[in-house]
Every structure is written in structure tokens, then in C-alpha cells.
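Here's the structure, in C-alpha cells; my notes come after.
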Amino acid sequence: MRTRSARPWPWGRWLAWSALLAVLAITVLPLGVVLKTALSSNATLFEESARWWPQAPTLDNFRRVLGLLTPEQSLALGGAGADINFGRALLNSLIFTTVVVVMQVSSSAMAAYAFARLRFPGRTPIFAAFVGSMMVPGVVTLIPNFVLMRELGWLNTWAGMVAPFCLMQGFSVFFLRQFFLGLPRDLEEAAMLEGASHLSIFWRVALPLSVTPLATLALLVGINAWNEFFWPWLAGRDEALQVLPVALQTFKSQTPQGQPDWTGLMAATTVALLPTLILLLTLGRRVVESVQHSGGK
């Protein structure tokens with residue numbers, strides 16, 4: 001019996017996979033450099049710059065950026081002597097991200113349901129304004145937001161840090177509206193026959209059927225909030241309000257010798273990267289599928 005020989009791949013597929021592997025290498029290589037530097041000692045960092053991995057990996061850099069070592073021990077290990085409370089910055093980032101995710105997702109879900117299901121004057125132009133806001137650069141609203149927070153007396157407060165991100169955003173409303181448009185109307189009509197109001201239908205029918213897109217949006221909003229730097233740095237200059245990206249910049253600038261403490265900086269960067277990497281590795285596929293589903297409606 002003759003066996004069928006494997007068909008060779010066309011050149012187009014080879015080129016496509018080669019391009020994907022090249023992009024993957026470009027994306028992953030900096031993360032490898034960050035981890036390698038974080039596990040290296042200050043004494044051997046530049047001597048082993050040509051190596052892919054340090055000969056004697058150490059966790060001392062993580063211990064000192066997490067405040068587990070005294071300043072004297074940190075200096076003895078070659079640290080810069082910077083005094084940054086990364087534990088507090090990590091907690092602040094968690095609080096900031098959680099508040100932004102909860103408030104933005106909840107307000108965007110209500111707005112998206114109204115645009116998808118309710119009929120009211122000006123619905124189309126208002127929704128067009130929401131979609132058009134996605135094309136406005138964030139720097140355009142930076143000064144007006146800063147002036148508003150100053151007039152309200154919210155600078156250097158949690159309220160001032162989270163206020164510009166708490167209400168509905170253009171992408172969030174558009175993303176959820178596309179999903180709400182695909183929900184079967186029979187369920188809503190049956191609830192209306194039972195005497196349910198629009199608010200009751202939203203909470204008891206629409207939201208339970210929208211767990212996946214809500215989780216996807218929460219993940220996307222959370223990653224953006226976790227990596228936010230400029231506004232928390234501008235509105236929360238108090239050290240007690242510093243989030244991780246701001247603490248990293250402060251740690252970099254507090255170098256008495258003028259040269260950044262690269263091993264400590266990369267260890268702190270690794271700590272800041274871990275939550276987003278874990279979320280992307282566990283939920284990345286669901287995010288892509290949900291975005292494709294909502295975008296195709």
C-alpha cells in the first residue's frame with residue numbers, strides 16, 4: 001500500500017511563521033534581559049554582559065527592593081542606597097487598579113446597555129461622541145483634568161488619582177455595546193411581561209450573560225491602569241500615594257553615584273511585570289476571542 005508523502009509547506013507559510021517567530025523573539029528578548037539582570041549581582045553584572053544567564057543567580061536584589069534587607073546590607077551588596085518602599089507602592093498599585101476597574105467597567109456596562117437597548121433622544125450622536133473620543137490623545141485632556149483636580153482640592157489624594165479613569169470610556173462602551181446588541185431580546189421581553197424594569201433586566205438578565213466580555217474588559221482596563229505612570233505621578237506626588245511605575249522612576253533617580261542601580265531596578269521591574277504576565281498567560285486567549293466576537297457584531 002502506497003503511503004502519501006507529506007505535502008511541503010508553501011513559501012508563504014514559511015515566511016509567515018518566520019515573521020511571527022522574529023516578532024516573538026523581539027518581544028521576549030527584553031524580558032529575558034530584565035530577568036537576567038535581576039538575578040545577577042552588581043559585582044559581576046558587566047563582566048557577564050555577554051552571557052545569556054548569570055553563573056551564580058541570586059535573589060538578593062529582590063530581597064532588597066522588597067525591603068527585606070537593611071540599608072547597610074543593601075549597600076554591601078552594591079546597591080545604590082535608594083530608600084523606596086516597594087511594598088507600599090505595590091499595595092497602592094493594587095488599590096488604584098481595583099478602583100479603576102470596578103468603577104470604569106460598571107459605569108461603562110450601564111452606558112453600553114443603554115445605547116444597545118434603550119431609545120432616547122440624541123442616542124446616536126452621543127454614542128458617536130463616545131466612539132470619537134477614542135481618537136482624542138490623552139495629552140489633550142491632561143491639562144483640563146489637572147486644573148479641575150486642583151480646583152476641587154483633589155491633588156495628592158486618591159480621589160484625584162482615580163477620577164479621570166473612573167467613568168465610562170469610549171472603548172469600554174463600544175466594546176460592551178457590541179456584545180449587548182447580540183443578546184437575545186426574547187429574554188428581555190419575557191422579563192418585561194413579568195413586570196421587570198430596565199434596571200432589573202440589566203442586573204438580572206444582561207449582566208449574568210455577559211460575564212466573559214466583562215471579565216475581558218476588566219483585564220484590559222486593569223493592565224492599562226497597572227501600567228499608568230504619568231497621571232499618578234502628576235496628581236499623586238506624595239510618597240504615600242506612589243504606585244509601582246512612579247516608584248520605579250524614583251528608584252532610578254535616587255542614585256548617589258549617578259549611575260542607576262540596574263540590578264535593583266530590574267528586580268523591581270520584574271515584580272511590577274509579574275501580575276500582568278500571569279494575567280496574559282492565563283486569560284490572553286479569552287481576551288483575543290472576546291475582542292474578535294465583539295468586533296464582528
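Chain labels follow the order of the C-alpha cells: the first chain is A, the next B, and so on; residue numbering restarts at 1 in every chain, and ligands are counted from 1 in their shown order.
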Next item on the list: Just the residues within 7 Å of region 164-173 of chain A, please, counting only C-alpha atoms, with nothing from its chain fewer than 3 positions along; format it as a PyMOL selection string.
Entry: chain A and resi 100+103-104+107-109+111-112+130-131+133-134+176-177+217
Could you take the residues named above and write them with N, CA, C and O atoms, as a PDB file, in the first residue's frame?
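As written to disk, selection29.pdb reads:
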ATOM      1  N   VAL A 100     -10.183  51.584  39.708  1.00  0.00           N
ATOM      2  CA  VAL A 100     -10.415  51.976  38.316  1.00  0.00           C
ATOM      3  C   VAL A 100     -11.196  50.898  37.579  1.00  0.00           C
ATOM      4  O   VAL A 100     -12.146  51.192  36.836  1.00  0.00           O
ATOM      5  N   MET A 103     -15.013  50.696  38.901  1.00  0.00           N
ATOM      6  CA  MET A 103     -15.846  51.842  38.566  1.00  0.00           C
ATOM      7  C   MET A 103     -15.989  52.022  37.051  1.00  0.00           C
ATOM      8  O   MET A 103     -17.078  52.328  36.554  1.00  0.00           O
ATOM      9  N   GLN A 104     -14.892  51.825  36.299  1.00  0.00           N
ATOM     10  CA  GLN A 104     -14.998  52.019  34.857  1.00  0.00           C
ATOM     11  C   GLN A 104     -15.826  50.918  34.204  1.00  0.00           C
ATOM     12  O   GLN A 104     -16.658  51.197  33.328  1.00  0.00           O
ATOM     13  N   SER A 107     -19.669  51.457  35.217  1.00  0.00           N
ATOM     14  CA  SER A 107     -20.293  52.605  34.547  1.00  0.00           C
ATOM     15  C   SER A 107     -20.371  52.384  33.040  1.00  0.00           C
ATOM     16  O   SER A 107     -21.378  52.740  32.396  1.00  0.00           O
ATOM     17  N   SER A 108     -19.347  51.769  32.457  1.00  0.00           N
ATOM     18  CA  SER A 108     -19.366  51.503  31.017  1.00  0.00           C
ATOM     19  C   SER A 108     -20.420  50.466  30.666  1.00  0.00           C
ATOM     20  O   SER A 108     -21.055  50.549  29.609  1.00  0.00           O
ATOM     21  N   ALA A 109     -20.630  49.484  31.534  1.00  0.00           N
ATOM     22  CA  ALA A 109     -21.653  48.470  31.266  1.00  0.00           C
ATOM     23  C   ALA A 109     -23.045  49.095  31.248  1.00  0.00           C
ATOM     24  O   ALA A 109     -23.877  48.774  30.380  1.00  0.00           O
ATOM     25  N   ALA A 111     -23.795  52.274  30.596  1.00  0.00           N
ATOM     26  CA  ALA A 111     -23.901  53.124  29.406  1.00  0.00           C
ATOM     27  C   ALA A 111     -24.057  52.282  28.148  1.00  0.00           C
ATOM     28  O   ALA A 111     -24.868  52.608  27.263  1.00  0.00           O
ATOM     29  N   ALA A 112     -23.293  51.195  28.050  1.00  0.00           N
ATOM     30  CA  ALA A 112     -23.378  50.348  26.859  1.00  0.00           C
ATOM     31  C   ALA A 112     -24.748  49.703  26.722  1.00  0.00           C
ATOM     32  O   ALA A 112     -25.297  49.607  25.621  1.00  0.00           O
ATOM     33  N   PHE A 130     -18.893  59.263  21.976  1.00  0.00           N
ATOM     34  CA  PHE A 130     -18.111  58.294  22.743  1.00  0.00           C
ATOM     35  C   PHE A 130     -17.082  57.608  21.849  1.00  0.00           C
ATOM     36  O   PHE A 130     -15.907  57.464  22.224  1.00  0.00           O
ATOM     37  N   VAL A 131     -17.507  57.158  20.678  1.00  0.00           N
ATOM     38  CA  VAL A 131     -16.581  56.488  19.767  1.00  0.00           C
ATOM     39  C   VAL A 131     -15.502  57.458  19.294  1.00  0.00           C
ATOM     40  O   VAL A 131     -14.317  57.108  19.205  1.00  0.00           O
ATOM     41  N   SER A 133     -14.274  59.853  20.915  1.00  0.00           N
ATOM     42  CA  SER A 133     -13.320  60.167  21.985  1.00  0.00           C
ATOM     43  C   SER A 133     -12.113  59.243  21.964  1.00  0.00           C
ATOM     44  O   SER A 133     -11.063  59.581  22.523  1.00  0.00           O
ATOM     45  N   MET A 134     -12.241  58.069  21.319  1.00  0.00           N
ATOM     46  CA  MET A 134     -11.102  57.164  21.245  1.00  0.00           C
ATOM     47  C   MET A 134      -9.988  57.733  20.373  1.00  0.00           C
ATOM     48  O   MET A 134      -8.832  57.315  20.481  1.00  0.00           O
ATOM     49  N   LEU A 176     -18.585  46.797  25.033  1.00  0.00           N
ATOM     50  CA  LEU A 176     -19.722  46.126  25.664  1.00  0.00           C
ATOM     51  C   LEU A 176     -21.008  46.297  24.871  1.00  0.00           C
ATOM     52  O   LEU A 176     -21.854  45.400  24.855  1.00  0.00           O
ATOM     53  N   ARG A 177     -21.182  47.432  24.201  1.00  0.00           N
ATOM     54  CA  ARG A 177     -22.388  47.636  23.393  1.00  0.00           C
ATOM     55  C   ARG A 177     -22.463  46.597  22.280  1.00  0.00           C
ATOM     56  O   ARG A 177     -23.554  46.078  21.978  1.00  0.00           O
ATOM     57  N   LEU A 217     -12.961  42.893  29.499  1.00  0.00           N
ATOM     58  CA  LEU A 217     -12.784  44.341  29.632  1.00  0.00           C
ATOM     59  C   LEU A 217     -12.078  44.682  30.940  1.00  0.00           C
ATOM     60  O   LEU A 217     -11.218  45.577  30.972  1.00  0.00           O
TER      61      LEU A 217
END
Next item on the list: Find the residues near Leu234 (chain A): any atom within 9 Å, counting only C-alpha atoms, skip ones fewer than 5 places away on the same chain, and give them as a list in words.
Entry: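 Neighbouring residues, sequence-local ones excluded: Phe146, Leu155, Asn156, Met161 and Phe229 of chain A.
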Item checked: Residue nearest Thr37 (chain A) - candidates A:Arg51, A:Arg119, A:Arg237, A:Arg64, atoms counted: only C-alpha atoms -> A:Arg51
Item checked: Selected residue, from A:Val221, A:Val28, A:Leu20, A:Val140, that lies nearest to Leu277 (chain A) when counting only C-alpha atoms -> A:Val28
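Taking CA of Val147 (chain A) and CA of Ala235 (chain A) as the two end points, the separation is 10.5 Å.
From CA of Val102 (chain A) back to CA of Arg117 (chain A), the distance works out to 22.5 Å.
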Check: Suppose you want the space between CA of Ser49 (chain A) and CA of Asn61 (chain A); what is it in Å?
Finding: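 Interatomic distance here is 17.1 Å.
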Next item on the list: Extract, using only C-alpha atoms, all DNA, RNA and protein residues at most 10 Å from Arg63 (chain A), discarding same-chain residues fewer than 4 positions from it, and format them as a VMD selection string.
Entry: chain A and resid 58 to 59 67 to 70 74 264 267 to 268
